[in-house]
Structures are given as C-alpha cells and as structure tokens.
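A.B. asks: Could you have a look at this structure, given as structure tokens, before my questions?
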Amino acid sequence: MKWNRQTATLLVLTCSATAALAADANAEWAQAQQLFQSGDFNRALPALLSLDKAFPSNVKLHYMIGMSYKNIGKPAQAERELGWVSSYAQDAALKQSALTALSELKSNADLARAKKREEEKAAAATTAAAGKKSSNPLEIFAGGLPPSKALVHDSVGATVQEAYRKGWKPCTNSRCLNYSKPGWQKMSVAGHPDTDIWMSFGRMAFSQNHIGDIIDTAGGDARDTGPCMTCLGTGWVKK
C-alpha cells in the first residue's frame, strides 16, 4: 500500500474510532454495574441486555442479567440465564452463586406460580375473545381437560399414544414446545431432577416443564416467550 497523507489520516481516524467504541463500551459497562450493584434492577436490565448483544459469551454479564430477572419477578428468564452460567462458568464462586440462585427459584416455586399466572391470563383472554365467561378457563376444551405434561412410563412415545387414546394430540402450532418435536433427551442439569427430559435449541435447552410454551429462536439464543395460544399452554389439542 502506498503511504501518503491520505492513508495516514485514514489510519488515525480508524484508531480514534476504535478507541471511542471501546470507551463507550467501558462507560456502558460501568453504568450497568453501578445500577446492578445499587439494586436498581429495572434500569440495570436494559443496559445489561444491550451489552449482551456485544458480548454474548460474557459469563458475568449473563449472571447479572439472570439476577436482575430474578429480582424483578421474572423467574423463567432468570432460570434461563442462570442455568447458562451454571453450565459454562469457569469461576467456581460465580458458578456456585448461579446454582444457589437456581435453587432458590425452585424452592420458592417462583417458576410454577409465574407459569400458572401466565396460563390463567392467556386462558382468560381467549375466553373473553370467544365472548363467554367461565369459572374454568380451560372449559374451551370440549370433552374435558387435556392430558398433563408428565411422561407416561418415562416415554415420550407412550405419552403421545396415551393422549391419542383419550382423544388428544400434540399442539399443532409449529413454535409450541410439545411432545411431537424430535430430539427429547435426558440431561444432567443442576437444580433439576434426573427424570426431567430436555429439548435443545443451540446452547439453550428447555425441560418438559416448558411444554405448551412458545420458543422463539429468532435473533440469537432461544427464549420462552410464554404460553401458546393454540393450546393455552397445555401442549395438547383435541384430535
């Protein structure tokens, strides 16, 4: 490359721009940490998520995002982030902190309560849209309630067969996590019983407890966006 004044100027501008970007990232990181450490999790979370786009493999960042979700009452998202940290953190203290937080989420039944509220909200919205009131949100399923999400004889195939026998089939929404999806497998995941089975989406995995939820795989890591409106979060529809 011929060295001239124009080339030198371009090099200086490039170096200056790189330094400016690094300075901006450092400033954004410092601000996010300050908000997190002060307990202002609602304001810290957007800043942390913005940083995650630039540093998607930063384990400490995922931990802070997970703890922010936990503290603002979004246990499903917290479980996702902290589960990732517990799997990939090299720092023993950070891994243990993530495992402790996951244990707290489970023992407090935050996930179960949040999921129940989401299901009730979705069911109520569907019932209202149908122009009728019901004391049982799942009354829209003619012929009784759908099967549970629990495995029959510890087998996905047996579970689906039993559902068919009772007049049900896995949800037909292609984005809904259900037993018709191939790839269910057992995995050893901290804080979860060995009886759980998992469906992997890249570096994220969801247990059968997320059956009936919409899994969004667009734009990076897969995430649970809430109950499927086709099956109302049950994972089953009538045949």
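Residues in the structure tokens are named by chain (A, B, ... in the order shown) and by number from 1 within that chain; ligands are numbered from 1 in the order shown.
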I want to know what sits within 10 Å of segment 209-221 of chain A, based on only C-alpha atoms, with residues of the same chain fewer than 6 positions away left out; could you give that as a PyMOL selection string?
C.D. replies: chain A and resi 53+56+76+111-112+115+119+148-150+170-171+173-179+196-199+201-203+227-236
A.B. asks: Taking 5 positions as the minimum chain separation for residues in the same chain, which residues sit within 12 Å of Ile72 of chain A when counting only C-alpha atoms? Answer as a VMD selection string.
C.D. replies: chain A and resid 36 39 to 45 65 to 67 77 to 78 110
A.B. asks: What are the DSSP helix (DSSP H, G or I) residues of segment 39-88 of chain A, as number ranges by chain?
C.D. replies: A: 41-54, 59-71, 75-88
A.B. asks: How would the residues just picked look written out with C-alpha atoms as a short mmCIF file (atom, residue, chain, number, x, y, z; two decimals), in the first residue's frame?
C.D. replies:
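And here's part_39.cif as it stands now:
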```
data_model
loop_
_atom_site.label_atom_id
_atom_site.label_comp_id
_atom_site.auth_asym_id
_atom_site.auth_seq_id
_atom_site.Cartn_x
_atom_site.Cartn_y
_atom_site.Cartn_z
CA PHE A 41 -32.56 -3.92 38.57
CA ASN A 42 -35.32 -2.48 36.40
CA ARG A 43 -32.91 0.09 34.99
CA ALA A 44 -29.90 -2.21 35.04
CA LEU A 45 -31.54 -4.90 32.92
CA PRO A 46 -31.92 -2.91 29.66
CA ALA A 47 -28.30 -1.76 29.94
CA LEU A 48 -27.11 -5.32 30.57
CA LEU A 49 -29.15 -6.71 27.67
CA SER A 50 -27.65 -4.05 25.40
CA LEU A 51 -24.16 -5.14 26.44
CA ASP A 52 -25.11 -8.78 25.88
CA LYS A 53 -25.52 -8.06 22.17
CA ALA A 54 -21.87 -7.00 22.01
CA VAL A 59 -20.46 -15.20 31.84
CA LYS A 60 -20.54 -12.44 34.45
CA LEU A 61 -22.88 -10.46 32.22
CA HIS A 62 -25.26 -13.42 31.94
CA TYR A 63 -25.15 -13.81 35.72
CA MET A 64 -26.09 -10.16 36.26
CA ILE A 65 -28.89 -10.44 33.70
CA GLY A 66 -30.19 -13.58 35.42
CA MET A 67 -30.11 -12.00 38.87
CA SER A 68 -31.83 -8.88 37.52
CA TYR A 69 -34.62 -11.02 36.07
CA LYS A 70 -34.87 -12.87 39.39
CA ASN A 71 -35.17 -9.66 41.38
CA PRO A 75 -38.19 -16.35 37.18
CA ALA A 76 -38.43 -18.14 33.82
CA GLN A 77 -35.96 -15.72 32.22
CA ALA A 78 -33.80 -15.84 35.34
CA GLU A 79 -33.67 -19.64 35.18
CA ARG A 80 -32.56 -19.48 31.55
CA GLU A 81 -29.68 -17.08 32.20
CA LEU A 82 -28.52 -18.61 35.48
CA GLY A 83 -28.73 -22.09 34.01
CA TRP A 84 -26.39 -20.97 31.25
CA VAL A 85 -23.98 -19.56 33.83
CA SER A 86 -24.04 -22.76 35.89
CA SER A 87 -23.14 -24.73 32.76
CA TYR A 88 -20.41 -22.50 31.32
#
```
A.B. asks: Pick out the residues sitting within 10 Å of Gly191 of chain A, and hand them over as a list in words; count only C-alpha atoms, and ignore anything fewer than 2 positions along from it in its own chain.
C.D. replies: Gly83, Ser86, Leu99, Thr100, Ala101, Leu102, Ser103, Glu104, Leu105, Lys106, Ser107, Ser188, Val189, Pro193 and Asp194 of chain A
A.B. asks: How would the residues just chosen look if you wrote them out with C-alpha atoms as a PDB file, in the first residue's frame?
C.D. replies:
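Result file is selection.pdb:
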```
ATOM      1  CA  GLY A  83     -28.732 -22.088  34.015  1.00  0.00           C
ATOM      2  CA  SER A  86     -24.042 -22.760  35.888  1.00  0.00           C
ATOM      3  CA  LEU A  99     -26.559 -22.663  41.403  1.00  0.00           C
ATOM      4  CA  THR A 100     -27.683 -21.124  44.688  1.00  0.00           C
ATOM      5  CA  ALA A 101     -29.946 -18.683  42.871  1.00  0.00           C
ATOM      6  CA  LEU A 102     -31.410 -21.515  40.789  1.00  0.00           C
ATOM      7  CA  SER A 103     -32.087 -23.490  43.951  1.00  0.00           C
ATOM      8  CA  GLU A 104     -33.878 -20.500  45.466  1.00  0.00           C
ATOM      9  CA  LEU A 105     -36.019 -20.133  42.364  1.00  0.00           C
ATOM     10  CA  LYS A 106     -37.028 -23.760  42.577  1.00  0.00           C
ATOM     11  CA  SER A 107     -37.655 -23.858  46.330  1.00  0.00           C
ATOM     12  CA  SER A 188     -27.889 -33.769  33.868  1.00  0.00           C
ATOM     13  CA  VAL A 189     -28.809 -30.198  34.795  1.00  0.00           C
ATOM     14  CA  PRO A 193     -34.313 -33.971  38.832  1.00  0.00           C
ATOM     15  CA  ASP A 194     -32.805 -36.680  36.642  1.00  0.00           C
TER      16      ASP A 194
END
```
A.B. asks: What's the separation between atom CA of Arg165 of chain A and atom CA of Ser200 of chain A, in Å to one decimal place?
C.D. replies: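 Taking atom CA of Arg165 of chain A and atom CA of Ser200 of chain A, their separation equals 28.2 Å.
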